[in-house]
>>> print(open('run_6.cif').read())   # mmCIF, C-alpha atoms
data_run
loop_
_atom_site.label_atom_id
_atom_site.label_comp_id
_atom_site.auth_asym_id
_atom_site.auth_seq_id
_atom_site.Cartn_x
_atom_site.Cartn_y
_atom_site.Cartn_z
CA MET A 1 20.39 31.68 -54.71
CA MET A 2 18.90 28.49 -53.38
CA ARG A 3 19.08 27.68 -49.68
CA PRO A 4 20.36 24.28 -48.63
CA SER A 5 17.67 21.93 -47.44
CA LYS A 6 17.54 20.52 -43.91
CA THR A 7 18.71 17.19 -45.27
CA GLU A 8 21.75 18.76 -46.89
CA LYS A 9 22.55 20.60 -43.67
CA SER A 10 22.42 17.39 -41.67
CA GLU A 11 24.67 15.65 -44.20
CA ARG A 12 27.28 18.40 -43.80
CA MET A 13 27.35 18.07 -40.02
CA PRO A 14 30.53 16.41 -38.68
CA LEU A 15 30.11 12.71 -38.00
CA PRO A 16 31.02 11.18 -34.65
CA SER A 17 34.57 9.95 -34.30
CA THR A 18 35.12 6.41 -35.52
CA SER A 19 38.46 6.00 -33.82
CA LYS A 20 39.39 2.51 -32.75
CA SER A 21 40.12 3.84 -29.28
CA PHE A 22 38.19 2.02 -26.57
CA ALA A 23 37.57 5.37 -24.81
CA ALA A 24 39.25 3.98 -21.74
CA TYR A 25 39.03 7.22 -19.78
CA SER A 26 36.77 9.67 -21.62
CA SER A 27 33.60 7.58 -21.64
CA ARG A 28 31.71 9.86 -19.25
CA GLN A 29 31.62 12.54 -21.93
CA GLU A 30 30.29 10.21 -24.61
CA SER A 31 26.69 9.21 -25.19
CA ARG A 32 25.63 5.88 -23.74
CA ASP A 33 25.84 2.99 -26.20
CA HIS A 34 22.20 1.97 -26.16
CA VAL A 35 21.35 -1.70 -26.43
CA PRO A 36 18.73 -1.92 -29.17
CA GLY A 37 15.34 -3.28 -28.30
CA LEU A 38 16.15 -6.02 -25.80
CA TRP A 39 13.06 -5.31 -23.79
CA ASP A 40 10.56 -4.12 -26.35
CA HIS A 41 7.40 -6.09 -27.05
CA ARG A 42 8.69 -7.70 -30.23
CA ASP A 43 11.87 -9.06 -28.66
CA ARG A 44 9.99 -10.49 -25.71
CA LEU A 45 7.58 -12.31 -28.00
CA ILE A 46 10.39 -13.76 -30.12
CA ILE A 47 12.31 -14.92 -27.03
CA LEU A 48 9.17 -16.53 -25.64
CA ALA A 49 8.40 -18.25 -28.96
CA LEU A 50 11.95 -19.57 -29.34
CA THR A 51 11.96 -20.84 -25.75
CA LEU A 52 8.66 -22.68 -26.16
CA LEU A 53 9.67 -24.19 -29.49
CA CYS A 54 13.05 -25.23 -28.12
CA ALA A 55 11.36 -26.76 -25.07
CA PHE A 56 9.11 -28.81 -27.35
CA THR A 57 12.05 -30.19 -29.35
CA ARG A 58 13.95 -31.10 -26.17
CA LEU A 59 11.11 -32.50 -24.07
CA TYR A 60 8.83 -34.27 -26.55
CA ARG A 61 8.67 -37.98 -25.54
CA ILE A 62 11.90 -37.58 -23.59
CA GLY A 63 11.16 -40.68 -21.51
CA ARG A 64 10.55 -43.01 -24.45
CA ALA A 65 13.91 -44.80 -24.07
CA ASN A 66 13.58 -46.43 -20.65
CA ARG A 67 17.12 -47.76 -20.58
CA ALA A 68 20.35 -46.02 -19.61
CA SER A 69 21.48 -44.80 -23.01
CA TRP A 70 24.86 -43.75 -24.32
CA ASP A 71 27.02 -42.02 -21.67
CA GLU A 72 24.17 -41.96 -19.17
CA MET A 73 25.81 -45.14 -17.88
CA HIS A 74 28.85 -43.08 -16.85
CA PHE A 75 27.53 -39.71 -15.76
CA GLY A 76 24.35 -41.04 -14.17
CA LYS A 77 26.53 -43.40 -12.15
CA PHE A 78 28.72 -40.48 -11.04
CA GLY A 79 25.60 -38.68 -9.86
CA ALA A 80 24.61 -41.78 -7.86
CA LEU A 81 28.07 -41.83 -6.25
CA TYR A 82 27.48 -38.24 -5.11
CA VAL A 83 24.16 -39.33 -3.62
CA ASN A 84 25.98 -42.16 -1.79
CA ARG A 85 28.87 -39.83 -0.96
CA THR A 86 31.27 -42.45 -2.35
CA PHE A 87 34.59 -41.21 -3.72
CA TYR A 88 35.37 -41.65 -7.43
CA HIS A 89 38.01 -40.44 -9.86
CA ASP A 90 37.22 -38.91 -13.27
CA VAL A 91 39.04 -36.81 -15.84
CA HIS A 92 36.40 -34.08 -16.13
CA PRO A 93 35.83 -31.16 -13.74
CA ASN A 94 32.95 -31.48 -11.33
CA LEU A 95 30.28 -28.81 -11.85
CA ALA A 96 28.19 -30.57 -14.52
CA LYS A 97 28.38 -33.85 -12.59
CA LEU A 98 27.31 -32.06 -9.41
CA LEU A 99 24.29 -30.74 -11.33
CA ILE A 100 23.45 -34.29 -12.43
CA ALA A 101 23.69 -35.35 -8.80
CA LEU A 102 21.34 -32.50 -7.87
CA SER A 103 18.82 -33.73 -10.43
CA GLU A 104 19.00 -37.21 -8.90
CA VAL A 105 18.46 -35.82 -5.41
CA LEU A 106 15.46 -33.79 -6.60
CA ALA A 107 14.13 -36.88 -8.38
CA GLY A 108 14.30 -38.86 -5.14
CA HIS A 109 16.98 -41.31 -6.30
CA ASN A 110 18.60 -43.19 -3.41
CA GLY A 111 21.82 -43.90 -5.30
CA THR A 112 21.40 -47.69 -5.52
CA PHE A 113 20.91 -47.92 -9.30
CA ASN A 114 24.21 -48.18 -11.21
CA PHE A 115 22.75 -46.89 -14.52
CA LYS A 116 23.15 -50.11 -16.45
CA GLY A 117 20.25 -51.62 -18.33
CA GLU A 118 16.61 -50.73 -17.89
CA TYR A 119 15.59 -48.07 -15.38
CA PRO A 120 13.76 -49.55 -12.35
CA PRO A 121 10.43 -48.06 -11.28
CA TYR A 122 11.93 -46.18 -8.33
CA VAL A 123 14.29 -44.15 -10.57
CA ASN A 124 12.58 -41.04 -11.98
CA TYR A 125 14.81 -40.86 -15.04
CA VAL A 126 12.31 -38.67 -16.91
CA PHE A 127 12.76 -35.84 -14.39
CA MET A 128 16.54 -36.24 -14.53
CA ARG A 129 16.48 -35.91 -18.32
CA MET A 130 14.12 -32.93 -18.15
CA PHE A 131 16.45 -31.24 -15.64
CA ASN A 132 19.33 -31.71 -18.06
CA ALA A 133 17.21 -30.62 -21.04
CA ALA A 134 16.46 -27.31 -19.30
CA PHE A 135 20.04 -26.26 -20.00
CA GLY A 136 19.61 -27.12 -23.68
CA ILE A 137 16.40 -25.09 -23.83
CA THR A 138 18.32 -21.94 -22.88
CA LEU A 139 20.48 -22.14 -26.01
CA ALA A 140 17.88 -20.65 -28.38
CA PRO A 141 17.04 -17.49 -26.38
CA LEU A 142 20.73 -16.99 -25.55
CA ALA A 143 21.61 -17.23 -29.25
CA TYR A 144 18.95 -14.63 -30.08
CA LEU A 145 20.09 -12.22 -27.35
CA THR A 146 23.74 -12.60 -28.33
CA CYS A 147 22.96 -11.76 -31.96
CA ARG A 148 20.95 -8.72 -30.89
CA GLN A 149 23.86 -7.55 -28.74
CA LEU A 150 26.05 -7.84 -31.83
CA ARG A 151 23.65 -5.41 -33.64
CA MET A 152 22.05 -8.02 -35.87
CA PRO A 153 18.55 -7.21 -37.14
CA VAL A 154 15.62 -8.92 -35.48
CA GLY A 155 15.04 -11.25 -38.43
CA PHE A 156 18.62 -12.51 -38.53
CA ALA A 157 18.76 -12.93 -34.75
CA ALA A 158 15.50 -14.90 -34.82
CA MET A 159 16.90 -17.05 -37.61
CA ALA A 160 19.98 -17.82 -35.50
CA GLY A 161 17.77 -18.83 -32.60
CA LEU A 162 15.70 -21.02 -34.92
CA PHE A 163 18.83 -22.71 -36.28
CA VAL A 164 19.90 -23.57 -32.73
CA THR A 165 16.40 -24.82 -31.95
CA MET A 166 16.27 -27.14 -34.96
CA ASP A 167 19.85 -28.37 -34.85
CA ASN A 168 19.60 -32.15 -34.55
CA ALA A 169 22.87 -32.64 -32.65
CA LEU A 170 22.06 -29.97 -30.07
CA CYS A 171 18.57 -31.39 -29.66
CA VAL A 172 19.68 -35.00 -29.13
CA ILE A 173 22.53 -34.19 -26.78
CA SER A 174 20.16 -32.19 -24.56
CA ARG A 175 17.74 -35.09 -24.09
CA PHE A 176 19.99 -37.39 -22.06
CA ILE A 177 21.75 -37.29 -18.71
CA LEU A 178 25.08 -35.98 -20.02
CA LEU A 179 27.57 -33.20 -19.26
CA ASP A 180 27.16 -31.54 -22.64
CA ALA A 181 23.90 -29.65 -22.10
CA PRO A 182 25.22 -27.70 -19.06
CA LEU A 183 28.50 -27.17 -20.91
CA LEU A 184 26.75 -25.71 -23.97
CA ALA A 185 24.48 -23.53 -21.83
CA PHE A 186 27.44 -22.08 -19.92
CA THR A 187 29.34 -21.58 -23.19
CA ALA A 188 26.41 -19.70 -24.72
CA PHE A 189 26.09 -17.64 -21.56
CA ALA A 190 29.80 -16.76 -21.69
CA LEU A 191 29.50 -15.66 -25.33
CA MET A 192 26.48 -13.50 -24.52
CA MET A 193 28.24 -11.84 -21.57
CA LEU A 194 31.27 -11.16 -23.76
CA ALA A 195 29.01 -9.52 -26.37
CA CYS A 196 27.36 -7.40 -23.66
CA PHE A 197 30.76 -6.38 -22.31
CA TYR A 198 31.89 -5.47 -25.82
CA ARG A 199 28.90 -3.15 -26.14
CA GLN A 200 29.99 -1.38 -22.96
CA ARG A 201 33.57 -0.79 -24.11
CA ARG A 202 33.03 2.99 -24.47
CA GLN A 203 31.70 3.29 -20.91
CA ALA A 204 34.80 2.02 -19.12
CA PHE A 205 34.34 1.55 -15.36
CA SER A 206 30.65 2.38 -15.51
CA ALA A 207 28.14 0.22 -13.63
CA GLY A 208 27.17 -1.66 -16.80
CA TRP A 209 30.81 -2.17 -17.78
CA TRP A 210 31.63 -3.69 -14.39
CA ARG A 211 28.46 -5.80 -14.37
CA PHE A 212 29.15 -7.48 -17.69
CA LEU A 213 32.89 -7.86 -17.06
CA LEU A 214 32.22 -9.62 -13.76
CA MET A 215 29.48 -11.76 -15.29
CA THR A 216 31.87 -12.75 -18.07
CA GLY A 217 34.28 -13.96 -15.40
CA VAL A 218 31.51 -15.90 -13.64
CA SER A 219 30.49 -17.54 -16.92
CA LEU A 220 34.10 -18.56 -17.61
CA GLY A 221 34.27 -20.16 -14.18
CA LEU A 222 31.09 -22.11 -14.92
CA VAL A 223 32.13 -23.30 -18.37
CA ALA A 224 35.64 -24.30 -17.26
CA SER A 225 34.19 -26.21 -14.29
CA ALA A 226 31.76 -28.17 -16.47
CA LYS A 227 34.10 -29.91 -18.92
CA TRP A 228 37.66 -29.45 -20.16
CA VAL A 229 36.50 -28.56 -23.67
CA GLY A 230 35.01 -25.43 -22.11
CA MET A 231 38.55 -24.02 -22.12
CA PHE A 232 37.91 -23.00 -25.73
CA ALA A 233 35.45 -20.41 -24.41
CA VAL A 234 38.14 -19.23 -22.00
CA ALA A 235 40.56 -18.97 -24.92
CA LEU A 236 38.07 -16.87 -26.91
CA VAL A 237 37.61 -14.37 -24.07
CA GLY A 238 41.35 -14.37 -23.46
CA ALA A 239 42.10 -13.59 -27.10
CA TYR A 240 39.63 -10.69 -27.11
CA THR A 241 41.07 -9.36 -23.86
CA ILE A 242 44.61 -9.41 -25.26
CA TYR A 243 43.43 -7.57 -28.36
CA GLU A 244 41.58 -4.97 -26.32
CA LEU A 245 44.51 -4.31 -23.98
CA TYR A 246 46.88 -4.09 -26.93
CA GLU A 247 44.65 -1.48 -28.61
CA MET A 248 44.67 0.59 -25.42
CA PHE A 249 48.45 0.18 -25.12
CA CYS A 250 48.85 1.66 -28.59
CA ASP A 251 46.52 4.57 -27.77
CA THR A 252 48.76 7.38 -26.53
CA HIS A 253 45.77 9.23 -25.07
CA VAL A 254 45.20 6.58 -22.38
CA PRO A 255 47.02 7.53 -19.16
CA VAL A 256 49.26 4.88 -17.62
CA HIS A 257 47.29 4.69 -14.37
CA VAL A 258 44.04 4.13 -16.32
CA TYR A 259 45.70 1.42 -18.42
CA LEU A 260 46.93 -0.35 -15.27
CA LYS A 261 43.43 -0.08 -13.84
CA HIS A 262 42.12 -1.93 -16.88
CA TRP A 263 44.68 -4.67 -16.28
CA ALA A 264 43.73 -4.98 -12.62
CA ALA A 265 40.01 -5.15 -13.44
CA ARG A 266 40.51 -7.95 -15.93
CA ILE A 267 42.87 -9.91 -13.69
CA VAL A 268 40.25 -9.91 -10.93
CA ALA A 269 37.25 -10.55 -13.18
CA LEU A 270 38.69 -12.94 -15.76
CA ILE A 271 41.32 -14.84 -13.74
CA VAL A 272 40.61 -14.64 -10.01
CA ILE A 273 36.83 -15.15 -10.24
CA PRO A 274 36.93 -18.12 -12.70
CA LEU A 275 39.67 -19.82 -10.68
CA SER A 276 37.72 -19.29 -7.47
CA ILE A 277 34.61 -20.90 -8.98
CA TYR A 278 36.69 -23.77 -10.36
CA MET A 279 38.32 -24.45 -6.99
CA LEU A 280 34.98 -24.09 -5.18
CA THR A 281 33.52 -26.94 -7.25
CA PHE A 282 36.43 -29.16 -6.18
CA LYS A 283 35.94 -28.10 -2.57
CA ILE A 284 32.30 -29.19 -2.76
CA HIS A 285 33.36 -32.37 -4.58
CA PHE A 286 35.74 -33.43 -1.80
CA MET A 287 33.35 -32.36 0.96
CA VAL A 288 30.54 -34.53 -0.43
CA LEU A 289 32.59 -37.61 -1.36
CA ASN A 290 33.81 -38.80 2.05
CA ARG A 291 33.44 -42.59 1.67
CA TYR A 292 36.19 -44.91 0.47
CA ASN A 293 36.18 -46.53 -2.96
CA ASN A 294 38.90 -48.25 -4.96
CA SER A 295 39.16 -45.09 -7.08
CA ALA A 296 40.78 -43.44 -4.06
CA ASN A 297 43.87 -45.60 -4.67
CA PHE A 298 45.01 -42.92 -7.12
CA MET A 299 45.05 -40.33 -4.32
CA PRO A 300 47.81 -39.72 -1.73
CA MET A 301 47.79 -42.00 1.30
CA GLY A 302 47.06 -39.11 3.65
CA PHE A 303 43.88 -38.36 1.70
CA GLN A 304 42.77 -41.99 1.75
CA THR A 305 43.05 -42.22 5.53
CA LYS A 306 40.43 -39.46 5.89
CA LEU A 307 37.78 -41.38 3.94
CA ILE A 308 35.15 -43.34 5.83
CA GLY A 309 35.65 -47.10 5.49
CA ASN A 310 39.19 -46.96 4.17
CA PRO A 311 41.12 -50.22 4.77
CA ILE A 312 44.16 -48.36 6.07
CA SER A 313 42.41 -47.31 9.27
CA GLN A 314 41.41 -50.93 9.91
CA GLN A 315 44.93 -52.38 9.87
CA PRO A 316 47.11 -52.98 12.98
CA TYR A 317 49.14 -50.04 14.22
CA ASP A 318 52.45 -51.97 14.09
CA VAL A 319 53.89 -53.72 11.05
CA GLU A 320 55.75 -56.82 12.15
CA THR A 321 57.84 -59.52 10.52
CA GLY A 322 55.47 -61.75 8.58
CA SER A 323 52.93 -58.97 7.88
CA SER A 324 51.45 -58.81 4.39
CA ILE A 325 51.54 -55.20 3.24
CA ARG A 326 50.78 -53.04 0.22
CA LEU A 327 53.32 -50.28 -0.47
CA GLN A 328 52.05 -47.15 -2.22
CA SER A 329 54.25 -44.44 -3.65
CA HIS A 330 54.06 -40.98 -2.10
CA VAL A 331 53.78 -39.66 -5.67
CA SER A 332 50.11 -39.26 -6.57
CA GLY A 333 49.01 -41.63 -9.33
CA ALA A 334 52.05 -43.94 -9.14
CA GLY A 335 50.03 -46.74 -7.55
CA TYR A 336 51.10 -49.74 -5.50
CA LEU A 337 54.32 -51.75 -5.67
CA HIS A 338 53.36 -54.63 -7.94
CA SER A 339 54.91 -57.67 -9.58
CA HIS A 340 53.74 -60.47 -11.87
CA THR A 341 55.18 -63.44 -13.75
CA HIS A 342 56.20 -61.48 -16.86
CA GLN A 343 59.89 -60.76 -17.48
CA TYR A 344 61.56 -57.59 -18.68
CA PRO A 345 62.16 -57.73 -22.46
CA ALA A 346 65.62 -56.18 -21.98
CA GLY A 347 68.11 -55.52 -19.20
CA SER A 348 68.34 -58.28 -16.61
CA MET A 349 65.40 -60.21 -18.14
CA ARG A 350 64.18 -60.87 -14.60
CA GLN A 351 60.60 -60.68 -13.30
CA GLN A 352 58.99 -57.28 -13.73
CA VAL A 353 58.25 -54.92 -10.83
CA THR A 354 55.89 -52.03 -11.61
CA GLY A 355 53.41 -49.61 -10.09
CA TYR A 356 49.73 -50.57 -10.31
CA GLY A 357 46.86 -48.29 -9.37
CA TYR A 358 44.16 -50.83 -8.54
CA ALA A 359 43.59 -53.33 -5.72
CA ASP A 360 45.16 -56.63 -6.76
CA GLY A 361 46.60 -59.73 -5.10
CA ASN A 362 49.94 -59.07 -6.82
CA ASN A 363 50.29 -55.90 -4.72
CA LEU A 364 50.85 -57.94 -1.52
CA TRP A 365 54.35 -58.27 -0.09
CA ASN A 366 55.49 -60.13 3.02
CA VAL A 367 57.87 -58.00 5.08
CA GLN A 368 60.76 -59.76 6.88
CA ARG A 369 63.14 -57.99 9.22
CA ARG A 370 66.67 -59.31 8.60
CA LEU A 371 68.76 -56.83 10.61
CA ALA A 372 67.73 -54.66 13.55
CA ALA A 373 68.71 -51.01 13.34
CA GLU A 374 71.20 -51.29 16.23
CA ASN A 375 72.97 -54.25 14.57
CA VAL A 376 73.40 -52.96 11.04
CA ASP A 377 77.11 -53.62 10.65
CA GLY A 378 77.15 -55.64 7.43
CA THR A 379 78.24 -58.83 9.15
CA ARG A 380 75.04 -60.74 8.43
CA GLY A 381 74.11 -61.90 4.97
CA ALA A 382 70.92 -61.48 3.04
CA MET A 383 69.79 -65.04 3.78
CA SER A 384 69.75 -64.50 7.55
CA GLU A 385 66.67 -65.74 9.31
CA ALA A 386 63.86 -63.26 9.77
CA ILE A 387 63.85 -61.52 13.17
CA PRO A 388 60.43 -61.49 14.85
CA GLY A 389 58.92 -58.30 16.15
CA PRO A 390 57.71 -54.89 14.89
CA ILE A 391 59.51 -53.07 12.09
CA GLY A 392 61.05 -49.73 13.05
CA HIS A 393 63.15 -46.90 11.64
CA GLY A 394 66.59 -48.07 10.43
CA ASP A 395 65.73 -51.77 10.30
CA VAL A 396 66.89 -53.77 7.28
CA ILE A 397 64.14 -55.79 5.64
CA ALA A 398 63.46 -58.10 2.73
CA LEU A 399 60.20 -57.92 0.78
CA HIS A 400 58.84 -61.29 -0.31
CA HIS A 401 56.24 -61.26 -3.10
CA ASN A 402 53.55 -63.64 -1.92
CA SER A 403 51.97 -64.78 -5.18
CA THR A 404 55.21 -65.51 -7.12
CA ASN A 405 57.58 -66.53 -4.25
CA THR A 406 60.15 -63.91 -5.20
CA TYR A 407 62.08 -61.14 -3.44
CA LEU A 408 62.32 -57.48 -4.39
CA TYR A 409 65.78 -56.95 -5.89
CA ALA A 410 67.77 -53.88 -6.98
CA ASP A 411 70.35 -54.19 -9.74
CA THR A 412 72.75 -51.31 -10.30
CA GLY A 413 74.04 -52.94 -13.46
CA HIS A 414 70.93 -52.22 -15.51
CA GLU A 415 68.93 -49.07 -16.26
CA ALA A 416 65.25 -48.96 -15.48
CA PRO A 417 63.29 -49.82 -18.65
CA VAL A 418 61.20 -46.62 -18.57
CA SER A 419 62.89 -44.10 -16.23
CA LYS A 420 66.40 -44.24 -17.61
CA GLN A 421 67.77 -41.99 -14.87
CA PHE A 422 67.15 -44.78 -12.32
CA LYS A 423 68.36 -48.34 -11.95
CA GLU A 424 66.30 -51.47 -12.56
CA VAL A 425 64.25 -53.07 -9.78
CA SER A 426 63.11 -56.63 -10.35
CA ALA A 427 62.00 -59.74 -8.46
CA VAL A 428 64.19 -62.85 -8.03
CA LYS A 429 63.23 -66.35 -6.96
CA ALA A 430 63.69 -67.20 -3.30
CA ASP A 431 65.96 -70.14 -4.13
CA SER A 432 68.12 -68.27 -6.66
CA ALA A 433 71.71 -67.09 -6.21
CA GLU A 434 70.62 -63.44 -6.32
CA ALA A 435 68.43 -63.97 -3.26
CA ALA A 436 71.60 -64.43 -1.16
CA ARG A 437 73.01 -61.01 -2.11
CA LEU A 438 72.68 -57.73 -0.26
CA ASN A 439 70.82 -56.27 -3.26
CA MET A 440 67.58 -57.68 -1.85
CA LEU A 441 67.88 -55.85 1.48
CA TRP A 442 66.15 -52.52 2.04
CA VAL A 443 66.52 -49.95 4.83
CA VAL A 444 63.36 -48.62 6.48
CA GLU A 445 63.25 -44.82 6.84
CA ILE A 446 60.33 -43.32 8.78
#
>>> encode(input="run_6.cif", output="structure tokens")
Amino acid sequence: MMRPSKTEKSERMPLPSTSKSFAAYSSRQESRDHVPGLWDHRDRLIILALTLLCAFTRLYRIGRANRASWDEMHFGKFGALYVNRTFYHDVHPNLAKLLIALSEVLAGHNGTFNFKGEYPPYVNYVFMRMFNAAFGITLAPLAYLTCRQLRMPVGFAAMAGLFVTMDNALCVISRFILLDAPLLAFTAFALMMLACFYRQRRQAFSAGWWRFLLMTGVSLGLVASAKWVGMFAVALVGAYTIYELYEMFCDTHVPVHVYLKHWAARIVALIVIPLSIYMLTFKIHFMVLNRYNNSANFMPMGFQTKLIGNPISQQPYDVETGSSIRLQSHVSGAGYLHSHTHQYPAGSMRQQVTGYGYADGNNLWNVQRRLAAENVDGTRGAMSEAIPGPIGHGDVIALHHNSTNTYLYADTGHEAPVSKQFKEVSAVKADSAEAARLNMLWVVEI
């Protein structure tokens, strides 16, 4: 009778369990999921080669175009506003723009160039572009490391890194002063941290598990703070987290208290930490930008008064009859009370009254006190002479639009053209019949 060979014996040995369970509580009894070859000589050489090749593609003749190109005119200008500490308003989050401002500070820019036309000699735009390109250079090694974490062979991982290195779009977008290079670097970093965390799924609550979970949260905070499109990376991590928690929920071997611990860990790492980083960038943004600019008109009045050089702090304390004023809504973004010579296309067909967010001569109104608060008894008409003196709480006023010689008028007989739940407000000529009605009088409430 023949004896089984050693190979046959090994083939008959029971294989490790391939259960889909994430080993949420029994990981200490399992063997450590070894990360293959991240620090061996071959990997280090490939990472170094990819980094050098990627640096060449991003930095070669980077200063050839000596004019502000493409969106450098926008984001370079935002960096200059940070240098000047001048407030501005923009749709994107602030981290990538703060990094551009840092590059300008390191380059010695004094913030006087507005990034239009040819760069002057005192603007070291080459350094600024190289600073931005450094984020693009990280894409190739991060792509390689991510593929290795996902158990790809060395050849395939190197090919992925080479594809990223030679991609024309990624190369071009990394060579200018834009938000995209930091965004892509943070996105690649988030994907790598997610892959590392995935490899630690069978060592729940181990040091490596916590390290990569927390770093995933940090990377999400960075990518979400760079540009709104970075929320796709947040969505990817969120989808994986939901899947992972659902798998554990369906695993009857996971105790309830361990399952709740997984929830708590992810809430802290993937929600609290990213939100904290996101809010910290806005805190820095508002701390740096403390000088007034017309962009601040979109912000609440209380915020504007705290900016250096704001026109509000320069006006007289009292508003009196005959004062020219600008009225801004307490609702952020609604703008100033504004009128112009155009008429409503429907409704009363009178002169339009709108909200306008920018400084404009049509925002100026002359305030006239018609009834003092202690005499509001309805016995005086709208055309009463203006009463001199300061305006106070309870006074009845008329608002005269300076540039069109009209008065602010409320008409309860017509709906507002946009907000149908309100009534129409228009402007009527000073010599019209409507100007003698009480509809043009307004009560001051302070």
>>> residues_around(input="run_6.cif", residues="Ala235 (chain A)", least_positions_apart="4", cutoff="12 Å", atoms="all atoms listed in the file", output="PyMOL selection string")
chain A and resi 187+190-191+220+223-224+228-231+239-242+270-271
>>> write_last_selection(input="run_6.cif", atoms="C-alpha atoms", output="compact mmCIF listing (two decimals), in the coordinates of the input")
# COMPACT_ATOMS: atom_id res chain seq x y z
CA THR A 187 29.34 -21.58 -23.19
CA ALA A 190 29.80 -16.76 -21.69
CA LEU A 191 29.50 -15.66 -25.33
CA LEU A 220 34.10 -18.56 -17.61
CA VAL A 223 32.13 -23.30 -18.37
CA ALA A 224 35.64 -24.30 -17.26
CA TRP A 228 37.66 -29.45 -20.16
CA VAL A 229 36.50 -28.56 -23.67
CA GLY A 230 35.01 -25.43 -22.11
CA MET A 231 38.55 -24.02 -22.12
CA ALA A 239 42.10 -13.59 -27.10
CA TYR A 240 39.63 -10.69 -27.11
CA THR A 241 41.07 -9.36 -23.86
CA ILE A 242 44.61 -9.41 -25.26
CA LEU A 270 38.69 -12.94 -15.76
CA ILE A 271 41.32 -14.84 -13.74
>>> resolve_selection(input="run_6.cif", expression="the PyMOL selection byres ((chain A and resi 361) around 10)", output="list in words")
Arg326, His338, Ser339, His340, Tyr358, Ala359, Asp360, Asn362, Asn363, Leu364, Trp365, His401, Asn402 and Ser403 of chain A
>>> residues_near_point(input="run_6.cif", point="(39.9, -8.8, -18.1)", cutoff="9 Å", atoms="all atoms listed in the file", output="ChimeraX atom specification")
/A:213-214,216-217,237-238,241-242,245,262-271
>>> atom_distance(input="run_6.cif", atom1="CA of Ala398 (chain A)", atom2="CA of Leu441 (chain A)")
5.1 Å
>>> residues_around(input="run_6.cif", residues="Tyr409 (chain A)", least_positions_apart="2", cutoff="7 Å", atoms="only C-alpha atoms", output="PDB file with C-alpha atoms, keeping the file's coordinate frame")
ATOM      1  CA  TYR A 407      62.080 -61.140  -3.440  1.00  0.00           C
ATOM      2  CA  ASP A 411      70.350 -54.190  -9.740  1.00  0.00           C
ATOM      3  CA  VAL A 425      64.250 -53.070  -9.780  1.00  0.00           C
ATOM      4  CA  SER A 426      63.110 -56.630 -10.350  1.00  0.00           C
ATOM      5  CA  ALA A 427      62.000 -59.740  -8.460  1.00  0.00           C
ATOM      6  CA  VAL A 428      64.190 -62.850  -8.030  1.00  0.00           C
ATOM      7  CA  ASN A 439      70.820 -56.270  -3.260  1.00  0.00           C
ATOM      8  CA  MET A 440      67.580 -57.680  -1.850  1.00  0.00           C
TER       9      MET A 440
END
>>> atom_distance(input="run_6.cif", atom1="CA of Glu104 (chain A)", atom2="CA of Phe127 (chain A)")
8.4 Å
>>> closest_residue(input="run_6.cif", among="A:Asn293, A:Thr406, A:Thr51, A:Asn124", to="Gly63 (chain A)", atoms="all atoms listed in the file")
A:Asn124
>>> closest_residue(input="run_6.cif", among="A:Ala430, A:Phe115, A:Leu307, A:Leu280", to="Asp71 (chain A)", atoms="all atoms listed in the file")
A:Phe115
>>> atom_distance(input="run_6.cif", atom1="CA of Tyr336 (chain A)", atom2="CA of Gly357 (chain A)")
5.9 Å
>>> resolve_selection(input="run_6.cif", expression="the PyMOL selection byres ((chain A and resi 300) around 10)", output="ChimeraX atom specification")
/A:296-299,301-305,328-335
>>> resolve_selection(input="run_6.cif", expression="the PyMOL selection byres ((chain A and resi 371) around 6)", output="JSON, numbers by chain")
{"A": [369, 370, 372, 395, 396]}
>>> write_last_selection(input="run_6.cif", atoms="C-alpha atoms", output="compact mmCIF listing (two decimals), in the coordinates of the input")
# COMPACT_ATOMS: atom_id res chain seq x y z
CA ARG A 369 63.14 -57.99 9.22
CA ARG A 370 66.67 -59.31 8.60
CA ALA A 372 67.73 -54.66 13.55
CA ASP A 395 65.73 -51.77 10.30
CA VAL A 396 66.89 -53.77 7.28
>>> residues_around(input="run_6.cif", residues="Ile173 (chain A)", least_positions_apart="5", cutoff="10 Å", atoms="only C-alpha atoms", output="list in words")
Arg58, Asn132, Ala133, Gly136, Asn168, Leu178, Leu179, Asp180, Ala181 and Leu184 of chain A
>>> closest_residue(input="run_6.cif", among="A:Ala410, A:Pro141, A:Leu95, A:Lys261", to="Leu438 (chain A)", atoms="all atoms listed in the file")
A:Ala410
>>> residues_around(input="run_6.cif", residues="Tyr122 (chain A)", least_positions_apart="6", cutoff="9 Å", atoms="all atoms listed in the file", output="CSV table (one decimal) with C-alpha atoms, in the coordinates of the input")
chain,number,residue,atom,x,y,z
A,108,GLY,CA,14.3,-38.9,-5.1
A,109,HIS,CA,17.0,-41.3,-6.3
A,110,ASN,CA,18.6,-43.2,-3.4
>>> closest_residue(input="run_6.cif", among="A:Val367, A:Leu275, A:Ala101, A:Trp209", to="Val234 (chain A)", atoms="all atoms listed in the file")
A:Leu275
>>> closest_residue(input="run_6.cif", among="A:Phe135, A:Phe212, A:Phe78, A:Phe232", to="Phe113 (chain A)", atoms="only C-alpha atoms")
A:Phe78
>>> closest_residue(input="run_6.cif", among="A:Thr57, A:Thr412, A:Thr252, A:Thr112", to="Cys171 (chain A)", atoms="all atoms listed in the file")
A:Thr57
>>> residues_around(input="run_6.cif", residues="Trp70 (chain A)", least_positions_apart="5", cutoff="10 Å", atoms="all atoms listed in the file", output="ChimeraX atom specification")
/A:75,176-178
>>> decode(input="run_6.cif", residues="region 166-170 of chain A", atoms="C-alpha atoms", output="compact mmCIF listing (two decimals), in the first residue's frame")
# COMPACT_ATOMS: atom_id res chain seq x y z
CA MET A 166 1.61 59.48 -18.05
CA ASP A 167 -2.01 60.61 -17.94
CA ASN A 168 -2.09 63.89 -19.88
CA ALA A 169 -5.01 65.43 -17.98
CA LEU A 170 -3.51 64.70 -14.56
